[in-house]
Structures are given as structure tokens and as C-alpha cells.
>>> print(open('upload_11.csv').read())   # CSV, C-alpha atoms
chain,number,residue,atom,x,y,z
A,1,MET,CA,1.9,3.3,24.4
A,2,LEU,CA,1.9,1.7,20.9
A,3,LYS,CA,2.2,-2.0,21.1
A,4,VAL,CA,3.2,-3.9,17.9
A,5,TYR,CA,3.0,-7.6,17.1
A,6,PHE,CA,5.3,-8.4,14.1
A,7,GLY,CA,4.5,-11.1,11.7
A,8,ASP,CA,1.4,-13.2,11.1
A,9,MET,CA,-1.3,-12.6,13.7
A,10,LYS,CA,-4.5,-14.6,13.2
A,11,GLU,CA,-6.8,-12.3,15.2
A,12,ALA,CA,-5.7,-9.2,13.4
A,13,ILE,CA,-8.0,-7.7,10.7
A,14,TYR,CA,-6.1,-8.1,7.5
A,15,ASN,CA,-8.2,-6.2,5.0
A,16,THR,CA,-8.8,-3.0,6.7
A,17,SER,CA,-10.5,-1.3,3.8
A,18,VAL,CA,-13.4,-3.7,3.8
A,19,TYR,CA,-13.7,-3.4,7.6
A,20,PHE,CA,-13.7,0.4,7.3
A,21,LYS,CA,-16.3,0.5,4.6
A,22,ASN,CA,-18.8,-1.5,6.8
A,23,ASP,CA,-17.9,0.1,10.1
A,24,TYR,CA,-17.0,3.8,9.9
A,25,GLU,CA,-19.3,6.4,11.5
A,26,ASP,CA,-19.9,9.8,10.1
A,27,ASP,CA,-18.7,11.6,13.2
A,28,TRP,CA,-15.3,9.8,13.1
A,29,ILE,CA,-14.6,11.7,9.9
A,30,THR,CA,-15.4,15.2,11.3
A,31,ASN,CA,-13.3,14.6,14.4
A,32,PRO,CA,-10.6,17.3,14.5
A,33,PHE,CA,-7.8,14.8,15.0
A,34,VAL,CA,-9.0,12.8,12.0
A,35,LYS,CA,-9.4,15.9,9.8
A,36,GLU,CA,-5.8,16.7,10.6
A,37,MET,CA,-4.7,13.1,9.7
A,38,ILE,CA,-6.6,13.3,6.4
A,39,LYS,CA,-5.1,16.7,5.6
A,40,ASP,CA,-1.5,15.4,6.3
A,41,VAL,CA,-1.6,12.0,4.7
A,42,ASP,CA,-4.1,12.4,1.9
A,43,SER,CA,-3.6,16.1,1.3
A,44,SER,CA,-7.4,16.3,1.4
A,45,GLU,CA,-9.9,18.5,3.3
A,46,VAL,CA,-13.0,17.2,5.1
A,47,MET,CA,-15.9,19.3,4.0
A,48,TYR,CA,-18.5,17.5,6.1
A,49,SER,CA,-18.9,13.9,7.3
A,50,GLY,CA,-19.8,12.3,4.0
A,51,VAL,CA,-17.6,14.5,1.6
A,52,ILE,CA,-13.9,15.0,1.4
A,53,ASP,CA,-12.2,17.3,-1.1
A,54,SER,CA,-9.3,15.5,-2.7
A,55,PRO,CA,-6.8,17.4,-4.9
A,56,VAL,CA,-6.6,14.5,-7.3
A,57,LEU,CA,-10.0,12.8,-7.2
A,58,GLY,CA,-12.3,15.7,-6.5
A,59,LYS,CA,-15.1,15.2,-4.1
A,60,ILE,CA,-14.9,11.8,-2.6
A,61,THR,CA,-16.7,9.7,0.1
A,62,PRO,CA,-14.8,8.4,3.2
A,63,THR,CA,-14.5,4.9,1.6
A,64,LYS,CA,-12.2,6.5,-1.1
A,65,LEU,CA,-9.7,7.7,1.4
A,66,SER,CA,-6.3,6.1,1.2
A,67,GLY,CA,-5.9,2.7,2.7
A,68,GLY,CA,-3.4,4.1,5.2
A,69,VAL,CA,-5.8,6.8,6.5
A,70,LYS,CA,-8.6,4.3,6.8
A,71,THR,CA,-6.5,2.1,9.0
A,72,LEU,CA,-5.4,5.0,11.1
A,73,ILE,CA,-9.0,6.0,11.7
A,74,LEU,CA,-9.9,2.4,12.7
A,75,VAL,CA,-6.9,2.2,15.1
A,76,LYS,CA,-8.1,5.5,16.7
A,77,PHE,CA,-11.8,4.5,17.2
A,78,GLU,CA,-11.7,0.7,17.5
A,79,ALA,CA,-9.4,0.4,20.4
A,80,ASP,CA,-10.3,-3.3,21.1
A,81,VAL,CA,-9.6,-4.5,17.6
A,82,VAL,CA,-6.1,-5.2,16.2
A,83,PHE,CA,-5.6,-4.1,12.6
A,84,ASN,CA,-3.0,-4.9,10.0
A,85,ALA,CA,-1.1,-1.7,9.9
A,86,SER,CA,1.1,-2.8,7.0
A,87,THR,CA,-1.7,-1.2,5.0
A,88,CYS,CA,-0.1,2.1,6.2
A,89,GLY,CA,2.9,3.7,4.5
A,90,ASP,CA,5.7,5.2,6.5
A,91,ASN,CA,3.9,8.6,6.2
A,92,CYS,CA,1.4,7.2,8.6
A,93,SER,CA,3.8,6.1,11.3
A,94,LYS,CA,3.9,9.4,13.3
A,95,TRP,CA,0.1,9.3,13.5
A,96,LEU,CA,0.1,5.8,14.9
A,97,LEU,CA,2.5,7.1,17.7
A,98,LYS,CA,0.2,10.1,18.2
A,99,ILE,CA,-3.0,8.0,18.5
A,100,ALA,CA,-1.2,5.8,21.1
A,101,GLU,CA,0.0,8.7,23.2
A,102,GLU,CA,-3.2,9.0,25.2
A,103,GLU,CA,-4.4,5.4,25.2
A,104,ASP,CA,-2.7,2.1,24.5
A,105,ARG,CA,-3.2,0.7,21.0
A,106,THR,CA,-2.1,-2.7,19.6
A,107,ILE,CA,-1.3,-3.0,15.9
A,108,ASN,CA,0.0,-5.9,13.7
A,109,LEU,CA,2.9,-5.1,11.4
A,110,ARG,CA,4.0,-7.5,8.7
A,111,HIS,CA,6.9,-5.3,7.5
A,112,ILE,CA,9.3,-3.0,9.2
A,113,MET,CA,7.6,0.4,9.3
A,114,ASP,CA,9.9,3.4,9.5
A,115,PHE,CA,9.0,5.4,12.7
A,116,GLY,CA,11.5,8.1,11.9
A,117,GLU,CA,14.8,9.2,13.3
A,118,GLY,CA,13.6,10.4,16.6
A,119,GLU,CA,13.0,8.6,19.9
A,120,PHE,CA,9.7,6.8,20.6
A,121,LEU,CA,8.3,4.2,22.9
A,122,ILE,CA,7.0,1.0,21.4
A,123,ARG,CA,6.4,-2.3,23.1
A,124,ILE,CA,7.1,-5.3,20.9
A,125,LEU,CA,4.6,-7.9,21.9
A,126,ASN,CA,6.6,-10.8,20.3
A,127,THR,CA,9.3,-10.4,23.0
A,128,GLY,CA,7.9,-8.0,25.5
A,129,ASP,CA,10.8,-5.5,24.9
A,130,ILE,CA,10.2,-1.8,24.8
A,131,VAL,CA,12.2,-0.1,22.1
A,132,HIS,CA,13.1,3.6,21.7
A,133,ASN,CA,14.5,4.1,18.2
A,134,MET,CA,14.5,2.4,14.8
A,135,LYS,CA,17.8,0.5,15.5
A,136,GLU,CA,16.4,-1.2,18.6
A,137,LEU,CA,13.1,-1.9,16.8
A,138,THR,CA,14.7,-3.3,13.6
A,139,ASP,CA,17.1,-5.6,15.6
A,140,ILE,CA,14.0,-7.3,17.1
A,141,ALA,CA,11.5,-7.0,14.2
A,142,VAL,CA,13.8,-8.5,11.7
A,143,ASN,CA,13.4,-11.9,13.4
A,144,PHE,CA,9.6,-11.9,12.8
A,145,VAL,CA,9.0,-10.4,9.4
B,1,MET,CA,5.3,-13.6,-21.6
B,2,LYS,CA,8.7,-12.0,-21.8
B,3,GLY,CA,10.3,-8.6,-22.2
B,4,LYS,CA,9.2,-5.1,-21.3
B,5,HIS,CA,5.6,-4.0,-21.5
B,6,LYS,CA,4.4,-0.4,-21.2
B,7,VAL,CA,1.1,0.4,-19.5
B,8,ILE,CA,-0.8,3.7,-19.7
B,9,VAL,CA,-3.9,4.0,-17.7
B,10,GLN,CA,-5.8,7.3,-17.5
B,11,ASN,CA,-9.0,9.2,-17.0
B,12,LYS,CA,-9.7,12.9,-16.9
B,13,ARG,CA,-8.0,13.4,-13.6
B,14,ILE,CA,-5.1,11.0,-13.4
B,15,ARG,CA,-2.6,9.3,-15.7
B,16,TYR,CA,-0.3,6.4,-14.9
B,17,ASP,CA,2.5,5.6,-17.3
B,18,PHE,CA,5.0,2.8,-16.4
B,19,GLU,CA,6.9,-0.1,-17.9
B,20,LEU,CA,7.0,-3.6,-16.5
B,21,ASN,CA,10.3,-5.5,-16.9
B,22,ARG,CA,9.8,-8.8,-15.2
B,23,ASN,CA,7.0,-11.2,-14.4
B,24,ILE,CA,6.6,-10.0,-10.8
B,25,THR,CA,6.5,-6.3,-9.8
B,26,ILE,CA,5.8,-5.1,-6.3
B,27,LEU,CA,4.2,-1.8,-5.6
B,28,GLN,CA,4.6,-0.2,-2.2
B,29,GLY,CA,5.6,3.2,-0.7
B,30,ASP,CA,3.7,5.9,1.2
B,31,SER,CA,0.0,5.9,1.7
B,32,ALA,CA,-2.1,8.1,-0.7
B,33,THR,CA,0.2,7.8,-3.7
B,34,GLY,CA,-2.5,6.2,-5.8
B,35,LYS,CA,-1.8,2.4,-5.7
B,36,THR,CA,-5.4,1.4,-5.1
B,37,ILE,CA,-6.7,4.0,-7.6
B,38,LEU,CA,-4.6,2.5,-10.3
B,39,ILE,CA,-6.0,-1.0,-9.6
B,40,GLU,CA,-9.6,0.3,-9.4
B,41,MET,CA,-9.2,2.0,-12.8
B,42,ILE,CA,-8.0,-1.2,-14.4
B,43,GLN,CA,-10.9,-3.1,-12.8
B,44,GLU,CA,-13.3,-0.5,-14.1
B,45,TYR,CA,-11.8,-0.8,-17.6
B,46,MET,CA,-12.0,-4.6,-17.3
B,47,ASN,CA,-15.7,-4.5,-16.4
B,48,GLN,CA,-17.0,-1.7,-18.6
B,49,GLY,CA,-14.4,-1.2,-21.3
B,50,LYS,CA,-14.4,2.3,-22.9
B,51,ALA,CA,-17.7,3.0,-21.3
B,52,SER,CA,-15.8,3.3,-18.0
B,53,MET,CA,-14.1,6.5,-19.4
B,54,VAL,CA,-10.8,4.9,-18.4
B,55,ASP,CA,-8.3,4.7,-21.2
B,56,LEU,CA,-5.9,1.7,-21.0
B,57,GLN,CA,-3.1,1.3,-23.5
B,58,CYS,CA,-1.0,-1.8,-23.3
B,59,ASP,CA,0.1,-4.5,-25.8
B,60,LYS,CA,-1.2,-7.1,-23.3
B,61,LYS,CA,-4.6,-7.7,-21.7
B,62,CYS,CA,-4.7,-6.3,-18.2
B,63,GLY,CA,-6.9,-7.6,-15.4
B,64,VAL,CA,-7.4,-7.6,-11.6
B,65,ILE,CA,-7.9,-10.6,-9.3
B,66,SER,CA,-9.1,-10.4,-5.7
B,67,GLY,CA,-10.8,-12.2,-2.9
B,68,SER,CA,-11.4,-15.9,-2.1
B,69,THR,CA,-12.3,-16.8,-5.7
B,70,TRP,CA,-8.8,-15.8,-7.0
B,71,GLN,CA,-8.0,-19.2,-8.5
B,72,GLY,CA,-11.1,-19.1,-10.7
B,73,GLN,CA,-10.4,-15.6,-11.8
B,74,LEU,CA,-6.8,-16.4,-12.5
B,75,SER,CA,-7.7,-19.3,-14.7
B,76,GLN,CA,-9.4,-16.9,-17.1
B,77,PHE,CA,-6.1,-15.1,-17.9
B,78,SER,CA,-3.1,-16.0,-20.0
B,79,ASP,CA,-0.4,-13.9,-21.6
B,80,SER,CA,-1.9,-11.0,-19.5
B,81,ILE,CA,-0.8,-8.5,-16.8
B,82,ILE,CA,-2.6,-9.2,-13.6
B,83,PHE,CA,-2.9,-6.6,-10.8
B,84,ILE,CA,-3.6,-7.5,-7.2
B,85,ASP,CA,-4.4,-4.8,-4.5
B,86,GLU,CA,-3.3,-5.0,-0.9
B,87,GLY,CA,-5.7,-6.8,1.5
B,88,ASN,CA,-5.6,-10.0,-0.5
B,89,SER,CA,-4.0,-12.5,1.8
B,90,PHE,CA,-3.9,-15.2,-0.8
B,91,ILE,CA,-0.7,-13.6,-2.2
B,92,LEU,CA,1.1,-15.1,0.9
B,93,SER,CA,0.0,-18.6,0.2
B,94,VAL,CA,2.0,-21.5,-1.3
B,95,GLU,CA,-1.0,-22.3,-3.5
B,96,PHE,CA,-0.7,-18.8,-5.1
B,97,ALA,CA,3.0,-19.2,-5.7
B,98,LYS,CA,2.5,-22.6,-7.3
B,99,GLU,CA,-0.4,-21.4,-9.5
B,100,ILE,CA,1.4,-18.3,-10.9
B,101,GLN,CA,4.5,-20.3,-11.8
B,102,LYS,CA,2.2,-22.4,-14.1
B,103,THR,CA,1.1,-19.2,-15.9
B,104,ASP,CA,2.7,-16.9,-18.5
B,105,ASN,CA,1.3,-13.8,-17.0
B,106,TYR,CA,3.0,-10.8,-15.5
B,107,TYR,CA,1.9,-9.8,-12.0
B,108,VAL,CA,1.8,-6.4,-10.2
B,109,ILE,CA,1.2,-6.9,-6.5
B,110,VAL,CA,0.5,-4.1,-4.0
B,111,THR,CA,2.0,-5.1,-0.7
B,112,ARG,CA,4.5,-4.0,1.9
B,113,GLU,CA,4.9,-7.5,3.2
B,114,GLY,CA,7.7,-9.8,2.2
B,115,LEU,CA,6.6,-12.6,-0.1
B,116,PRO,CA,9.1,-15.4,0.6
B,117,ASN,CA,7.2,-17.9,-1.7
B,118,LEU,CA,7.6,-15.7,-4.8
B,119,PRO,CA,10.8,-15.2,-6.8
B,120,TYR,CA,10.9,-11.5,-7.4
B,121,SER,CA,13.8,-9.1,-7.7
B,122,VAL,CA,14.4,-6.3,-5.3
B,123,GLU,CA,15.0,-4.1,-8.4
B,124,GLU,CA,11.3,-4.6,-9.3
B,125,ILE,CA,9.9,-3.0,-6.1
B,126,TYR,CA,8.5,0.4,-7.0
B,127,GLY,CA,6.7,3.3,-5.4
B,128,ILE,CA,4.4,5.7,-7.3
B,129,HIS,CA,5.7,9.2,-7.8
B,130,SER,CA,3.4,12.1,-8.8
B,131,SER,CA,5.1,14.4,-11.3
B,132,GLY,CA,2.0,16.4,-12.2
B,133,LYS,CA,0.3,19.4,-10.6
B,134,TYR,CA,-2.6,18.9,-8.2
B,135,GLY,CA,-5.5,21.1,-8.8
B,136,HIS,CA,-9.0,21.2,-10.2
B,137,LEU,CA,-9.3,19.4,-13.5
B,138,LYS,CA,-5.6,19.3,-13.9
B,139,LYS,CA,-4.4,15.8,-14.6
B,140,CYS,CA,-2.0,14.2,-12.2
B,141,TYR,CA,0.8,12.3,-13.8
B,142,GLN,CA,1.9,9.2,-11.9
B,143,THR,CA,5.0,7.2,-12.7
B,144,PHE,CA,6.8,4.3,-10.9
B,145,TYR,CA,10.2,4.8,-9.2
B,146,HIS,CA,12.6,2.3,-7.8
B,147,LEU,CA,12.4,2.0,-4.1
B,148,TYR,CA,15.5,-0.1,-4.0
B,149,ASN,CA,18.3,-0.1,-6.5
B,150,ILE,CA,21.2,-2.5,-6.1
B,151,GLN,CA,23.6,-0.4,-8.2
B,152,SER,CA,23.0,2.9,-6.4
B,153,ALA,CA,23.1,1.0,-3.0
B,154,GLU,CA,26.5,-0.4,-4.0
B,155,LYS,CA,27.8,3.0,-5.0
B,156,LYS,CA,26.5,4.5,-1.8
B,157,TYR,CA,28.2,1.8,0.2
B,158,ILE,CA,31.5,2.2,-1.6
B,159,SER,CA,31.4,6.0,-1.2
B,160,GLN,CA,30.5,5.7,2.5
B,161,ASN,CA,33.4,3.2,3.1
B,162,SER,CA,35.9,4.8,0.8
B,163,ASP,CA,37.8,6.5,3.6
B,164,TYR,CA,38.5,3.1,5.3
>>> encode(input="upload_11.csv", output="C-alpha cells")
Amino acid sequence: MLKVYFGDMKEAIYNTSVYFKNDYEDDWITNPFVKEMIKDVDSSEVMYSGVIDSPVLGKITPTKLSGGVKTLILVKFEADVVFNASTCGDNCSKWLLKIAEEEDRTINLRHIMDFGEGEFLIRILNTGDIVHNMKELTDIAVNFV
Amino acid sequence: MKGKHKVIVQNKRIRYDFELNRNITILQGDSATGKTILIEMIQEYMNQGKASMVDLQCDKKCGVISGSTWQGQLSQFSDSIIFIDEGNSFILSVEFAKEIQKTDNYYVIVTREGLPNLPYSVEEIYGIHSSGKYGHLKKCYQTFYHLYNIQSAEKKYISQNSDY
């Protein structure tokens, strides 16, 4: 399940791009799940571990991926670290839910992310509540962001 | 600084063309729309000038501040447009709010967080929209669009409630 702490969280990594730059591993990039995320969010194709083909920027290194995708990759592979997922746009929200389908993940949100119109399961750590849709989530999150 | 200021930033692959209306503009929206690329291009122009192969057209000096030495960097600018990328937690601080109110700069801040210390208008929160074609060596044209618009929100509210 995805667990979210809303608002300021001291232990969360705030600047995820710097963390990613100094932490990412080549085989993270060629992971099929990650390749799919990069294709969906950045509209880019992973050619091999160090090179990604971007329609706008040409051939880029993983450090030039969007801030949102870099955070998603960290959330996937660094399960014990909490990241500031407000570096992710709403187009990343479905991927956060997918990553947390198999294993629990905790993220920090400093804004109200749109998780879409469908049903989902998210535990809000500020209160301990489990929410199932955006209305339930917003009613609680608005008190913390 | 007062009034509207047009900014054009471009290289061979991408062009940004937008106008700033007030002293604080917030940039947010989906991931991978080019917010960080815009700021990197301005930083490269700031560091290398025309040798960066970035073309920057604006009637005001443009610059970027970041990191823990932001106060020193900020002191070097006046009557300028300052860009700040996400990941810079100083934008949340009271010190930053106080410092920028002493200046005559315009600020473009990339963040999805609320900034309760800063007096900005909801009308000056923008996303970046790509209006060009993607493809090899074809330039991608990026413009700003309003994420929130008070007038359209009011019209929508009135139209939704007109039957009552």
C-alpha cells in the first residue's frame, strides 16, 4: 500500500534530483518497469543503461530525466528512504500507486496530488486513515498542506 | 520593476516564449513539461553567454539562484528576473520572503508546494504547454498556460449552479 505523509517531514529527502544523480544504478534504468515509466511520463525510450532517447532533447543520460521520473525510480528502488514526491506531477500518480501495489512505500507530499477519479488505497500517516478516493484524501490532506 | 516582460529562451531544439505580469510567477504542472530545462538553459546563458548556444531575449537581465548560498547570489541581482528550480527548500523560509520583498526583481519559482510567506496571485500560477512537434531536430515550442483562472472558474461555477 502507498503511505503518504502530508506536509513538512524532516527525514524526507527534499531534493530528489541530487539524490538520484549520486545514487542511481545502471540496472535500475533498464528494468522493464522503469522503462515503461520513462516511456509514459517522459515520452522517452531507454536505449541502454546510460542512454535514453528523448524526443525533445535527443540522446540524454539518466540524470537528464524529468524530476518526476527520477523520484519514481528512487521510490521504486530505495524502499527504506522517504522522498519528497511533490517533485512529481499528477502524471506520475498512477505510477506511485503501481509501485506500492506489491510492496509498501512511504512518500512525503507537500501538495495535494491528483490520484485520479478511480478508487485506490492510500494510508495517510498524519492521521492513520485509509482513503479510497480523491474526496476522502483531500478532506484530510487539506489540513496538512 | 513593474509591468509585463517578455522572455524568449531558445536553442536548436527547444524554444520558450512567455510573458511575466507580476513580481512572483509560479511554475508547476505535469512532470516532463520542461520546467527544469528552461532553468538550466537560463543558467547556461548566465554562465557562458552566447557561447552557450542558448539565445535569451528579454529587456531585463535573467538569472538563476540555488542552494545554500542563495542570499549571496541574490545580492548580485537588481531589476532582474530570477528563476528558481524545485528542490530549493529556501523558498519556504521566512528569510527568503523578507529578502525578496526588499528587492525590485521578478521571480519565477518552480514548485507545487504552497508558499504561504509569499504574496503571489493564483492567476500567476502556470504550467508549460508544448505547442510544437516532437521529432529529430524539430524545435519544440513551449509556452506558459494558466493553471488556475479566477474568471473562468467563476463562469464555470455560475454555469454549474445556474439551474438552482
>>> interface_residues(input="upload_11.csv", of="chain B", to="chain A", cutoff="12 Å", atoms="only C-alpha atoms", output="PDB file with C-alpha atoms, in the coordinates of the input")
ATOM      1  CA  ASN B  11      -9.000   9.200 -17.000  1.00  0.00           C
ATOM      2  CA  LYS B  12      -9.700  12.900 -16.900  1.00  0.00           C
ATOM      3  CA  ARG B  13      -8.000  13.400 -13.600  1.00  0.00           C
ATOM      4  CA  ILE B  14      -5.100  11.000 -13.400  1.00  0.00           C
ATOM      5  CA  ARG B  15      -2.600   9.300 -15.700  1.00  0.00           C
ATOM      6  CA  LEU B  27       4.200  -1.800  -5.600  1.00  0.00           C
ATOM      7  CA  GLN B  28       4.600  -0.200  -2.200  1.00  0.00           C
ATOM      8  CA  GLY B  29       5.600   3.200  -0.700  1.00  0.00           C
ATOM      9  CA  ASP B  30       3.700   5.900   1.200  1.00  0.00           C
ATOM     10  CA  SER B  31       0.000   5.900   1.700  1.00  0.00           C
ATOM     11  CA  ALA B  32      -2.100   8.100  -0.700  1.00  0.00           C
ATOM     12  CA  THR B  33       0.200   7.800  -3.700  1.00  0.00           C
ATOM     13  CA  GLY B  34      -2.500   6.200  -5.800  1.00  0.00           C
ATOM     14  CA  LYS B  35      -1.800   2.400  -5.700  1.00  0.00           C
ATOM     15  CA  THR B  36      -5.400   1.400  -5.100  1.00  0.00           C
ATOM     16  CA  ILE B  37      -6.700   4.000  -7.600  1.00  0.00           C
ATOM     17  CA  GLU B  40      -9.600   0.300  -9.400  1.00  0.00           C
ATOM     18  CA  SER B  66      -9.100 -10.400  -5.700  1.00  0.00           C
ATOM     19  CA  GLY B  67     -10.800 -12.200  -2.900  1.00  0.00           C
ATOM     20  CA  ASP B  85      -4.400  -4.800  -4.500  1.00  0.00           C
ATOM     21  CA  GLU B  86      -3.300  -5.000  -0.900  1.00  0.00           C
ATOM     22  CA  GLY B  87      -5.700  -6.800   1.500  1.00  0.00           C
ATOM     23  CA  ASN B  88      -5.600 -10.000  -0.500  1.00  0.00           C
ATOM     24  CA  SER B  89      -4.000 -12.500   1.800  1.00  0.00           C
ATOM     25  CA  PHE B  90      -3.900 -15.200  -0.800  1.00  0.00           C
ATOM     26  CA  LEU B  92       1.100 -15.100   0.900  1.00  0.00           C
ATOM     27  CA  VAL B 110       0.500  -4.100  -4.000  1.00  0.00           C
ATOM     28  CA  THR B 111       2.000  -5.100  -0.700  1.00  0.00           C
ATOM     29  CA  ARG B 112       4.500  -4.000   1.900  1.00  0.00           C
ATOM     30  CA  GLU B 113       4.900  -7.500   3.200  1.00  0.00           C
ATOM     31  CA  GLY B 114       7.700  -9.800   2.200  1.00  0.00           C
ATOM     32  CA  LEU B 115       6.600 -12.600  -0.100  1.00  0.00           C
ATOM     33  CA  PRO B 116       9.100 -15.400   0.600  1.00  0.00           C
ATOM     34  CA  GLY B 127       6.700   3.300  -5.400  1.00  0.00           C
ATOM     35  CA  SER B 130       3.400  12.100  -8.800  1.00  0.00           C
ATOM     36  CA  GLY B 132       2.000  16.400 -12.200  1.00  0.00           C
ATOM     37  CA  LYS B 133       0.300  19.400 -10.600  1.00  0.00           C
ATOM     38  CA  TYR B 134      -2.600  18.900  -8.200  1.00  0.00           C
ATOM     39  CA  GLY B 135      -5.500  21.100  -8.800  1.00  0.00           C
ATOM     40  CA  HIS B 136      -9.000  21.200 -10.200  1.00  0.00           C
ATOM     41  CA  LEU B 137      -9.300  19.400 -13.500  1.00  0.00           C
ATOM     42  CA  LYS B 138      -5.600  19.300 -13.900  1.00  0.00           C
ATOM     43  CA  LYS B 139      -4.400  15.800 -14.600  1.00  0.00           C
ATOM     44  CA  CYS B 140      -2.000  14.200 -12.200  1.00  0.00           C
ATOM     45  CA  TYR B 141       0.800  12.300 -13.800  1.00  0.00           C
ATOM     46  CA  GLN B 142       1.900   9.200 -11.900  1.00  0.00           C
TER      47      GLN B 142
END
>>> residues_around(input="upload_11.csv", residues="range 72-78 of chain B", least_positions_apart="6", cutoff="12 Å", atoms="all atoms listed in the file", output="ChimeraX atom specification")
/B:1,60-66,84,96,99-107
>>> closest_residue(input="upload_11.csv", among="B:Ile81, B:Leu20, B:Ile42, B:Ile26", to="Leu118 in chain B", atoms="only C-alpha atoms")
B:Ile26
>>> atom_distance(input="upload_11.csv", atom1="CA of Glu136 in chain A", atom2="CA of Tyr120 in chain B")
28.5 Å
>>> residues_near_point(input="upload_11.csv", point="(8.2, 11.5, 16.5)", cutoff="10 Å", atoms="only C-alpha atoms", output="VMD selection string")
chain A and resid 93 to 95 97 to 98 115 to 121 133
>>> residues_around(input="upload_11.csv", residues="Thr25 in chain B", least_positions_apart="5", cutoff="7 Å", atoms="all atoms listed in the file", output="PDB file with C-alpha atoms, in the coordinates of the input")
ATOM      1  CA  TYR B 107       1.900  -9.800 -12.000  1.00  0.00           C
ATOM      2  CA  VAL B 108       1.800  -6.400 -10.200  1.00  0.00           C
ATOM      3  CA  ILE B 109       1.200  -6.900  -6.500  1.00  0.00           C
ATOM      4  CA  GLU B 124      11.300  -4.600  -9.300  1.00  0.00           C
ATOM      5  CA  ILE B 125       9.900  -3.000  -6.100  1.00  0.00           C
TER       6      ILE B 125
END
>>> atom_distance(input="upload_11.csv", atom1="CA of Phe18 in chain B", atom2="CA of Ile128 in chain B")
9.6 Å
>>> atom_distance(input="upload_11.csv", atom1="CA of Tyr5 in chain A", atom2="CA of Ile107 in chain A")
6.4 Å
>>> residues_around(input="upload_11.csv", residues="range 47-54 of chain B", least_positions_apart="6", cutoff="8 Å", atoms="only C-alpha atoms", output="list in words")
Val9, Gln10, Asn11 and Met41 of chain B
>>> residues_around(input="upload_11.csv", residues="range 24-26 of chain A", least_positions_apart="5", cutoff="8 Å", atoms="only C-alpha atoms", output="list in words")
Ser49, Gly50 and Leu74 of chain A
>>> write_last_selection(input="upload_11.csv", atoms="C-alpha atoms", output="PDB file, keeping the file's coordinate frame")
ATOM      1  CA  SER A  49     -18.900  13.900   7.300  1.00  0.00           C
ATOM      2  CA  GLY A  50     -19.800  12.300   4.000  1.00  0.00           C
ATOM      3  CA  LEU A  74      -9.900   2.400  12.700  1.00  0.00           C
TER       4      LEU A  74
END
